[in-house]
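Have a look at the structure below before the remarks.
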Amino acid sequence: MASLYSQREAAAILYAVLGQKSSLANYDAIGNQLQSGVILNSDYIASLLSSTAGQTLYGSSSNT
């Protein structure tokens, strides 16, 4: 089980990027990956942005 800190971090990133909530199991799974260094916060954010929900929200957005 991921630490509470890592679970909260996963939840905060998901909510900040997509405005969505998820299940405790998902927060734990992502939290474990963040905690163990399998993925970085930036990797998780990139995966959310490239997801269907991310593309729906930001697909035509540009940072320029």
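Following the order of the structure tokens, first chain is A, next is B, and so on, with residues numbered from 1 inside each chain and ligands from 1 in the order they appear.
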- Item | Members of chain A assigned alpha helix (DSSP H) by DSSP, as a PyMOL selection string | chain A and resi 4-18+24-36+41-50+52-58
Excluding range 38-50 of chain A and its own-chain neighbours fewer than 5 positions away, which residues fall within 8 Å of it when counting only C-alpha atoms? Please give them as a PDB file with all heavy atoms, in the first residue's frame.
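Ended up saving to out.pdb:
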```pdb
ATOM      1  N   ILE A  13      -2.983  15.514  -8.212  1.00  0.00           N
ATOM      2  CA  ILE A  13      -2.585  15.684  -9.609  1.00  0.00           C
ATOM      3  C   ILE A  13      -3.765  15.395 -10.531  1.00  0.00           C
ATOM      4  O   ILE A  13      -4.047  16.166 -11.453  1.00  0.00           O
ATOM      5  CB  ILE A  13      -1.379  14.795  -9.954  1.00  0.00           C
ATOM      6  CG1 ILE A  13      -0.132  15.297  -9.220  1.00  0.00           C
ATOM      7  CG2 ILE A  13      -1.143  14.750 -11.459  1.00  0.00           C
ATOM      8  CD1 ILE A  13       1.061  14.361  -9.306  1.00  0.00           C
ATOM      9  N   LEU A  14      -4.447  14.286 -10.295  1.00  0.00           N
ATOM     10  CA  LEU A  14      -5.598  13.937 -11.127  1.00  0.00           C
ATOM     11  C   LEU A  14      -6.645  15.037 -11.103  1.00  0.00           C
ATOM     12  O   LEU A  14      -7.153  15.456 -12.143  1.00  0.00           O
ATOM     13  CB  LEU A  14      -6.217  12.615 -10.673  1.00  0.00           C
ATOM     14  CG  LEU A  14      -7.482  12.169 -11.417  1.00  0.00           C
ATOM     15  CD1 LEU A  14      -7.188  11.914 -12.894  1.00  0.00           C
ATOM     16  CD2 LEU A  14      -8.063  10.930 -10.771  1.00  0.00           C
ATOM     17  N   VAL A  17      -5.349  18.302 -12.911  1.00  0.00           N
ATOM     18  CA  VAL A  17      -5.196  18.213 -14.366  1.00  0.00           C
ATOM     19  C   VAL A  17      -6.536  17.979 -15.066  1.00  0.00           C
ATOM     20  O   VAL A  17      -6.857  18.650 -16.047  1.00  0.00           O
ATOM     21  CB  VAL A  17      -4.194  17.100 -14.749  1.00  0.00           C
ATOM     22  CG1 VAL A  17      -4.143  16.896 -16.259  1.00  0.00           C
ATOM     23  CG2 VAL A  17      -2.806  17.434 -14.215  1.00  0.00           C
ATOM     24  N   LEU A  18      -7.333  17.039 -14.556  1.00  0.00           N
ATOM     25  CA  LEU A  18      -8.570  16.669 -15.244  1.00  0.00           C
ATOM     26  C   LEU A  18      -9.840  17.084 -14.512  1.00  0.00           C
ATOM     27  O   LEU A  18     -10.931  16.969 -15.076  1.00  0.00           O
ATOM     28  CB  LEU A  18      -8.613  15.156 -15.481  1.00  0.00           C
ATOM     29  CG  LEU A  18      -7.513  14.572 -16.364  1.00  0.00           C
ATOM     30  CD1 LEU A  18      -7.715  13.070 -16.521  1.00  0.00           C
ATOM     31  CD2 LEU A  18      -7.452  15.259 -17.716  1.00  0.00           C
ATOM     32  N   GLN A  33       3.436   3.735  -7.576  1.00  0.00           N
ATOM     33  CA  GLN A  33       4.380   4.008  -8.665  1.00  0.00           C
ATOM     34  C   GLN A  33       5.155   5.300  -8.418  1.00  0.00           C
ATOM     35  O   GLN A  33       6.362   5.373  -8.679  1.00  0.00           O
ATOM     36  CB  GLN A  33       3.641   4.068  -9.993  1.00  0.00           C
ATOM     37  CG  GLN A  33       3.081   2.733 -10.424  1.00  0.00           C
ATOM     38  CD  GLN A  33       2.338   2.833 -11.734  1.00  0.00           C
ATOM     39  OE1 GLN A  33       2.792   3.490 -12.655  1.00  0.00           O
ATOM     40  NE2 GLN A  33       1.190   2.184 -11.814  1.00  0.00           N
ATOM     41  N   GLN A  55      -7.206  14.915 -23.740  1.00  0.00           N
ATOM     42  CA  GLN A  55      -7.308  15.436 -25.096  1.00  0.00           C
ATOM     43  C   GLN A  55      -8.619  16.195 -25.308  1.00  0.00           C
ATOM     44  O   GLN A  55      -8.654  17.194 -26.020  1.00  0.00           O
ATOM     45  CB  GLN A  55      -7.170  14.307 -26.127  1.00  0.00           C
ATOM     46  CG  GLN A  55      -5.754  13.792 -26.251  1.00  0.00           C
ATOM     47  CD  GLN A  55      -4.799  14.870 -26.700  1.00  0.00           C
ATOM     48  OE1 GLN A  55      -4.950  15.438 -27.777  1.00  0.00           O
ATOM     49  NE2 GLN A  55      -3.810  15.164 -25.869  1.00  0.00           N
ATOM     50  N   TYR A  58      -7.841  19.531 -23.358  1.00  0.00           N
ATOM     51  CA  TYR A  58      -6.713  20.362 -23.762  1.00  0.00           C
ATOM     52  C   TYR A  58      -6.185  20.068 -25.166  1.00  0.00           C
ATOM     53  O   TYR A  58      -5.185  20.662 -25.567  1.00  0.00           O
ATOM     54  CB  TYR A  58      -5.547  20.143 -22.794  1.00  0.00           C
ATOM     55  CG  TYR A  58      -5.895  20.360 -21.351  1.00  0.00           C
ATOM     56  CD1 TYR A  58      -5.949  19.289 -20.463  1.00  0.00           C
ATOM     57  CD2 TYR A  58      -6.157  21.635 -20.869  1.00  0.00           C
ATOM     58  CE1 TYR A  58      -6.250  19.483 -19.123  1.00  0.00           C
ATOM     59  CE2 TYR A  58      -6.473  21.840 -19.532  1.00  0.00           C
ATOM     60  CZ  TYR A  58      -6.525  20.766 -18.669  1.00  0.00           C
ATOM     61  OH  TYR A  58      -6.823  20.966 -17.358  1.00  0.00           O
TER      62      TYR A  58
END
```
